[in-house]
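Worksheet: the structure to be examined is printed underneath.
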Amino acid sequence: MLKKLESSRLALLFAAGLITGLATNLRVGEEILWTTLLCLIFAVGLSMGLEINKIASMSREKISWGLKLILATLTGSLTGGAVIYLLIGEPALKYSLAISAGMGWYSFTGTYLASIDPYLGFLGYLSNILREVYTYITYPLLAKKLRYSSISLGGATTMDTTLPVIASVGGSEAGIIAFIHGAFLTLLIPIIVSALAST
């Protein structure tokens, strides 16, 4: 119930922002976007620091699974971005790859790409929030046969927003692997997205 309320709140905030932008033609300066982005990165770093004891107590086998999933998620996401570019032809390949490299972290990806172009920010936000919603729907279905592998669906969200559904359906071991997976991706995403978008 709590997660449904949180998802509804996010959807309402997004809709409110979209309507405000359309109704007022409000222009947000690049400095505000960068400040917001830096605050988001600081908050993630803080949460990682607070959770470091949990990571240290995990078994090597679980850490190994998490690291393999990171590579699989990164490879699959970038491949998906390239395929979408080949099918649709827009946005430019580097931006298509950058959007897909957001791997569910819509607040970072949308904000970062909006500092380049509002349309890219919209695509980055929308495609990555849809990935989170998709994970909520499909993980319970796939986890029956692919308990660990299907964690990749959630990308970076597996350390926070989609972690409850993964832990409740896949069990505590899947939850631990999901946390490692999401935490490492969260550290990599700002580097990868900014590198791809600026090439």
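Every chain in the structure tokens takes a letter, A first, then B, and so on in the order presented; its residues are numbered from 1, and the ligands are numbered from 1 following the presented order.
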
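Within the 12 Å cut-off around Leu141 (chain A), using only C-alpha atoms and omitting residues fewer than 2 positions from it on the same chain, the listed residues are Tyr134, Thr135, Tyr136, Ile137, Thr138, Tyr139, Ala143, Lys144, Lys145, Leu146, Arg147, Ser150, Ile151, Leu153, Val165, Ile166, Val169 and Gly170 of chain A.
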
Quick one: which region 67-178 of chain A residues come within 7 Å of region 182-189 of chain A, and what is the nearest atom pair for each with the distance in Å to one decimal, counting only C-alpha atoms, rows ordered by chain and ascending number, as a tab-separated table?
```
residue	atom	partner	partner_atom	distance
A:Ile70	CA	A:Leu185	CA	6.6
A:Ala101	CA	A:Ile189	CA	6.6
A:Gly102	CA	A:Ile189	CA	6.0
A:Gly155	CA	A:Gly182	CA	6.1
A:Ala156	CA	A:Gly182	CA	4.1
A:Thr157	CA	A:Gly182	CA	5.9
A:Thr158	CA	A:Gly182	CA	4.7
A:Met159	CA	A:Gly182	CA	4.4
A:Ala178	CA	A:Gly182	CA	6.0
```

(message) Using only C-alpha atoms, which protein or nucleic acid residues come within 9 Å of Thr79 (chain A)? Drop anything in the same chain fewer than 4 positions from it, and give the result as a PyMOL selection string.
(response) chain A and resi 74-75+83-84+97+100

How would the residues just picked look written out with N, CA and C atoms as a PDB file, in the first residue's frame?
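Writing the result to selection07.pdb gives the following:
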```pdb
ATOM      1  N   LEU A  74      24.049  -3.456 -17.579  1.00  0.00           N
ATOM      2  CA  LEU A  74      24.690  -2.402 -18.371  1.00  0.00           C
ATOM      3  C   LEU A  74      24.705  -2.766 -19.855  1.00  0.00           C
ATOM      4  N   THR A  75      25.103  -4.000 -20.157  1.00  0.00           N
ATOM      5  CA  THR A  75      25.155  -4.461 -21.544  1.00  0.00           C
ATOM      6  C   THR A  75      23.762  -4.456 -22.178  1.00  0.00           C
ATOM      7  N   VAL A  83      19.379  -0.365 -30.209  1.00  0.00           N
ATOM      8  CA  VAL A  83      18.305  -0.938 -31.031  1.00  0.00           C
ATOM      9  C   VAL A  83      17.197   0.092 -31.258  1.00  0.00           C
ATOM     10  N   ILE A  84      16.817   0.814 -30.202  1.00  0.00           N
ATOM     11  CA  ILE A  84      15.781   1.847 -30.344  1.00  0.00           C
ATOM     12  C   ILE A  84      16.230   2.921 -31.333  1.00  0.00           C
ATOM     13  N   LEU A  97      21.783   6.249 -26.203  1.00  0.00           N
ATOM     14  CA  LEU A  97      22.580   5.429 -25.292  1.00  0.00           C
ATOM     15  C   LEU A  97      22.593   6.025 -23.887  1.00  0.00           C
ATOM     16  N   SER A 100      19.269   5.307 -22.148  1.00  0.00           N
ATOM     17  CA  SER A 100      19.174   3.905 -21.711  1.00  0.00           C
ATOM     18  C   SER A 100      20.156   3.599 -20.588  1.00  0.00           C
TER      19      SER A 100
END
```

(message) With distances taken over only C-alpha atoms, which residue among A:Gly66, A:Pro140, A:Pro118, A:Gly104 lies nearest Glu173 (chain A)?
(response) A:Gly66

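As for CA of Ile116 (chain A) and CA of Leu87 (chain A), they are spaced 23.4 Å apart.
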
(message) Give me, as a VMD selection string, all polymer residues having an atom no more than 7 Å from Ala82 (chain A), counting only C-alpha atoms and skipping those fewer than 3 positions away in the same chain.
(response) chain A and resid 78 to 79 85 to 86 93 96 to 97

Keeping only N, CA and C atoms, write the selected residues as an mmCIF file, in the first residue's frame.
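Produced file result.cif, reproduced below:
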```
data_model
loop_
_atom_site.group_PDB
_atom_site.id
_atom_site.type_symbol
_atom_site.label_atom_id
_atom_site.label_comp_id
_atom_site.auth_asym_id
_atom_site.auth_seq_id
_atom_site.Cartn_x
_atom_site.Cartn_y
_atom_site.Cartn_z
ATOM 1 N N LEU A 78 22.414 -0.729 -22.748
ATOM 2 C CA LEU A 78 23.049 -0.035 -23.870
ATOM 3 C C LEU A 78 22.644 -0.663 -25.208
ATOM 4 N N THR A 79 22.509 -1.983 -25.225
ATOM 5 C CA THR A 79 22.052 -2.654 -26.441
ATOM 6 C C THR A 79 20.633 -2.207 -26.787
ATOM 7 N N TYR A 85 17.497 3.305 -31.255
ATOM 8 C CA TYR A 85 18.005 4.305 -32.202
ATOM 9 C C TYR A 85 17.912 3.774 -33.634
ATOM 10 N N LEU A 86 18.284 2.514 -33.850
ATOM 11 C CA LEU A 86 18.234 1.931 -35.189
ATOM 12 C C LEU A 86 16.804 1.828 -35.712
ATOM 13 N N LEU A 93 22.351 8.903 -31.595
ATOM 14 C CA LEU A 93 22.790 7.662 -30.955
ATOM 15 C C LEU A 93 23.354 7.903 -29.568
ATOM 16 N N SER A 96 20.520 8.508 -27.211
ATOM 17 C CA SER A 96 19.744 7.284 -27.023
ATOM 18 C C SER A 96 20.462 6.348 -26.046
ATOM 19 N N LEU A 97 21.783 6.249 -26.203
ATOM 20 C CA LEU A 97 22.580 5.429 -25.292
ATOM 21 C C LEU A 97 22.593 6.025 -23.887
#
```

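One finds CA of Gly154 (chain A) at 6.8 Å from CA of Arg131 (chain A).
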
From a backbone DSSP assignment, name each residue in region 15-177 of chain A labelled alpha helix (DSSP H), as a PDB file with C-alpha atoms, in the first residue's frame.
```pdb
ATOM      1  CA  ALA A  15       1.972  15.543 -14.037  1.00  0.00           C
ATOM      2  CA  ALA A  16       2.031  18.780 -12.002  1.00  0.00           C
ATOM      3  CA  GLY A  17       5.456  19.673 -13.389  1.00  0.00           C
ATOM      4  CA  LEU A  18       4.374  18.882 -16.942  1.00  0.00           C
ATOM      5  CA  ILE A  19       1.197  20.964 -16.645  1.00  0.00           C
ATOM      6  CA  THR A  20       3.113  23.858 -15.040  1.00  0.00           C
ATOM      7  CA  GLY A  21       5.666  23.769 -17.851  1.00  0.00           C
ATOM      8  CA  LEU A  22       2.978  23.743 -20.531  1.00  0.00           C
ATOM      9  CA  ALA A  23       0.809  26.402 -18.888  1.00  0.00           C
ATOM     10  CA  THR A  24       3.507  28.894 -17.910  1.00  0.00           C
ATOM     11  CA  GLU A  30      21.021  25.592 -15.938  1.00  0.00           C
ATOM     12  CA  GLU A  31      22.367  26.557 -12.490  1.00  0.00           C
ATOM     13  CA  ILE A  32      19.173  25.309 -10.811  1.00  0.00           C
ATOM     14  CA  LEU A  33      19.322  22.023 -12.725  1.00  0.00           C
ATOM     15  CA  TRP A  34      22.975  21.490 -11.799  1.00  0.00           C
ATOM     16  CA  THR A  35      22.315  22.313  -8.133  1.00  0.00           C
ATOM     17  CA  THR A  36      19.445  19.816  -8.091  1.00  0.00           C
ATOM     18  CA  LEU A  37      21.626  17.211  -9.750  1.00  0.00           C
ATOM     19  CA  LEU A  38      24.475  17.707  -7.261  1.00  0.00           C
ATOM     20  CA  CYS A  39      22.033  17.414  -4.349  1.00  0.00           C
ATOM     21  CA  LEU A  40      20.720  14.123  -5.774  1.00  0.00           C
ATOM     22  CA  ILE A  41      24.235  12.714  -6.122  1.00  0.00           C
ATOM     23  CA  PHE A  42      25.092  13.822  -2.565  1.00  0.00           C
ATOM     24  CA  ALA A  43      21.945  12.113  -1.226  1.00  0.00           C
ATOM     25  CA  VAL A  44      22.831   8.849  -2.974  1.00  0.00           C
ATOM     26  CA  GLY A  45      26.383   8.995  -1.625  1.00  0.00           C
ATOM     27  CA  LEU A  46      25.029   9.585   1.875  1.00  0.00           C
ATOM     28  CA  SER A  47      22.634   6.647   1.660  1.00  0.00           C
ATOM     29  CA  MET A  48      25.457   4.407   0.390  1.00  0.00           C
ATOM     30  CA  GLY A  49      27.644   5.461   3.312  1.00  0.00           C
ATOM     31  CA  LEU A  50      24.871   4.630   5.773  1.00  0.00           C
ATOM     32  CA  ILE A  52      28.098   0.208   4.002  1.00  0.00           C
ATOM     33  CA  ASN A  53      27.901  -2.156   7.006  1.00  0.00           C
ATOM     34  CA  LYS A  54      25.167  -4.203   5.264  1.00  0.00           C
ATOM     35  CA  ILE A  55      27.309  -4.551   2.143  1.00  0.00           C
ATOM     36  CA  ALA A  56      30.350  -5.594   4.180  1.00  0.00           C
ATOM     37  CA  ARG A  60      31.092 -13.502  -1.461  1.00  0.00           C
ATOM     38  CA  GLU A  61      28.640 -15.588  -3.491  1.00  0.00           C
ATOM     39  CA  LYS A  62      25.942 -12.910  -3.227  1.00  0.00           C
ATOM     40  CA  ILE A  63      28.418 -10.168  -4.069  1.00  0.00           C
ATOM     41  CA  SER A  64      29.588 -12.188  -7.102  1.00  0.00           C
ATOM     42  CA  TRP A  65      25.991 -12.566  -8.332  1.00  0.00           C
ATOM     43  CA  GLY A  66      25.431  -8.843  -7.908  1.00  0.00           C
ATOM     44  CA  LEU A  67      28.553  -7.979  -9.895  1.00  0.00           C
ATOM     45  CA  LYS A  68      27.570 -10.310 -12.758  1.00  0.00           C
ATOM     46  CA  LEU A  69      24.143  -8.721 -12.884  1.00  0.00           C
ATOM     47  CA  ILE A  70      25.700  -5.255 -13.086  1.00  0.00           C
ATOM     48  CA  LEU A  71      27.532  -6.215 -16.273  1.00  0.00           C
ATOM     49  CA  ALA A  72      24.416  -7.881 -17.705  1.00  0.00           C
ATOM     50  CA  THR A  73      22.232  -4.880 -16.899  1.00  0.00           C
ATOM     51  CA  LEU A  74      24.690  -2.402 -18.371  1.00  0.00           C
ATOM     52  CA  THR A  75      25.155  -4.461 -21.544  1.00  0.00           C
ATOM     53  CA  GLY A  76      21.416  -5.036 -21.987  1.00  0.00           C
ATOM     54  CA  SER A  77      20.521  -1.401 -21.378  1.00  0.00           C
ATOM     55  CA  LEU A  78      23.049  -0.035 -23.870  1.00  0.00           C
ATOM     56  CA  THR A  79      22.052  -2.654 -26.441  1.00  0.00           C
ATOM     57  CA  GLY A  80      18.426  -1.629 -25.988  1.00  0.00           C
ATOM     58  CA  GLY A  81      19.331   2.022 -26.510  1.00  0.00           C
ATOM     59  CA  ALA A  82      21.196   1.186 -29.709  1.00  0.00           C
ATOM     60  CA  VAL A  83      18.305  -0.938 -31.031  1.00  0.00           C
ATOM     61  CA  ILE A  84      15.781   1.847 -30.344  1.00  0.00           C
ATOM     62  CA  TYR A  85      18.005   4.305 -32.202  1.00  0.00           C
ATOM     63  CA  LEU A  86      18.234   1.931 -35.189  1.00  0.00           C
ATOM     64  CA  LEU A  87      14.459   1.458 -35.234  1.00  0.00           C
ATOM     65  CA  ILE A  88      13.383   5.059 -34.675  1.00  0.00           C
ATOM     66  CA  LEU A  93      22.790   7.662 -30.955  1.00  0.00           C
ATOM     67  CA  LYS A  94      24.819   9.153 -28.107  1.00  0.00           C
ATOM     68  CA  TYR A  95      21.651  10.512 -26.458  1.00  0.00           C
ATOM     69  CA  SER A  96      19.744   7.284 -27.023  1.00  0.00           C
ATOM     70  CA  LEU A  97      22.580   5.429 -25.292  1.00  0.00           C
ATOM     71  CA  ALA A  98      22.719   8.014 -22.489  1.00  0.00           C
ATOM     72  CA  ILE A  99      18.967   7.701 -21.868  1.00  0.00           C
ATOM     73  CA  SER A 100      19.174   3.905 -21.711  1.00  0.00           C
ATOM     74  CA  TYR A 106      14.953   8.876 -13.782  1.00  0.00           C
ATOM     75  CA  SER A 107      15.613  11.799 -11.432  1.00  0.00           C
ATOM     76  CA  PHE A 108      19.299  11.928 -12.348  1.00  0.00           C
ATOM     77  CA  THR A 109      18.956  11.091 -16.043  1.00  0.00           C
ATOM     78  CA  GLY A 110      16.081  13.465 -16.648  1.00  0.00           C
ATOM     79  CA  THR A 111      17.740  16.338 -14.787  1.00  0.00           C
ATOM     80  CA  TYR A 112      21.128  15.848 -16.401  1.00  0.00           C
ATOM     81  CA  LEU A 113      19.791  15.578 -19.944  1.00  0.00           C
ATOM     82  CA  ALA A 114      17.390  18.497 -19.405  1.00  0.00           C
ATOM     83  CA  PRO A 118      14.440  19.859 -22.345  1.00  0.00           C
ATOM     84  CA  TYR A 119      13.231  17.241 -24.841  1.00  0.00           C
ATOM     85  CA  LEU A 120      16.119  14.926 -23.906  1.00  0.00           C
ATOM     86  CA  GLY A 121      15.321  15.510 -20.234  1.00  0.00           C
ATOM     87  CA  PHE A 122      11.710  14.496 -20.865  1.00  0.00           C
ATOM     88  CA  LEU A 123      12.781  11.321 -22.688  1.00  0.00           C
ATOM     89  CA  GLY A 124      15.326  10.491 -19.987  1.00  0.00           C
ATOM     90  CA  TYR A 125      12.778  10.933 -17.231  1.00  0.00           C
ATOM     91  CA  LEU A 126       9.889   9.149 -18.918  1.00  0.00           C
ATOM     92  CA  SER A 127      11.780   6.117 -20.239  1.00  0.00           C
ATOM     93  CA  ASN A 128      13.498   5.505 -16.907  1.00  0.00           C
ATOM     94  CA  ILE A 129      10.393   5.908 -14.767  1.00  0.00           C
ATOM     95  CA  LEU A 130       8.631   3.475 -17.100  1.00  0.00           C
ATOM     96  CA  ARG A 131      11.458   1.003 -16.450  1.00  0.00           C
ATOM     97  CA  GLU A 132      10.688   1.193 -12.741  1.00  0.00           C
ATOM     98  CA  VAL A 133       6.973   0.648 -13.327  1.00  0.00           C
ATOM     99  CA  TYR A 134       7.772  -2.236 -15.694  1.00  0.00           C
ATOM    100  CA  THR A 135       9.869  -3.851 -12.950  1.00  0.00           C
ATOM    101  CA  TYR A 136       6.995  -3.682 -10.465  1.00  0.00           C
ATOM    102  CA  ILE A 137       4.769  -5.477 -12.954  1.00  0.00           C
ATOM    103  CA  THR A 138       7.117  -8.063 -14.465  1.00  0.00           C
ATOM    104  CA  TYR A 139       9.472  -9.101 -11.640  1.00  0.00           C
ATOM    105  CA  PRO A 140       6.767 -11.056  -9.771  1.00  0.00           C
ATOM    106  CA  LEU A 141       5.973 -12.914 -13.003  1.00  0.00           C
ATOM    107  CA  LEU A 142       9.574 -13.691 -14.004  1.00  0.00           C
ATOM    108  CA  LEU A 163      13.801  -3.534  -3.567  1.00  0.00           C
ATOM    109  CA  PRO A 164      10.658  -4.290  -1.511  1.00  0.00           C
ATOM    110  CA  VAL A 165       8.945  -6.179  -4.349  1.00  0.00           C
ATOM    111  CA  ILE A 166      12.149  -8.086  -5.156  1.00  0.00           C
ATOM    112  CA  ALA A 167      12.735  -9.047  -1.522  1.00  0.00           C
ATOM    113  CA  SER A 168       9.107 -10.034  -0.925  1.00  0.00           C
ATOM    114  CA  VAL A 169       8.793 -12.141  -4.097  1.00  0.00           C
ATOM    115  CA  GLY A 170      12.382 -13.403  -4.518  1.00  0.00           C
ATOM    116  CA  SER A 172      15.985 -12.232   1.331  1.00  0.00           C
ATOM    117  CA  GLU A 173      18.886 -13.524  -0.802  1.00  0.00           C
ATOM    118  CA  ALA A 174      17.417 -11.904  -3.901  1.00  0.00           C
ATOM    119  CA  GLY A 175      16.985  -8.742  -1.850  1.00  0.00           C
ATOM    120  CA  ILE A 176      20.659  -8.689  -0.886  1.00  0.00           C
ATOM    121  CA  ILE A 177      21.764  -9.263  -4.483  1.00  0.00           C
TER     122      ILE A 177
END
```
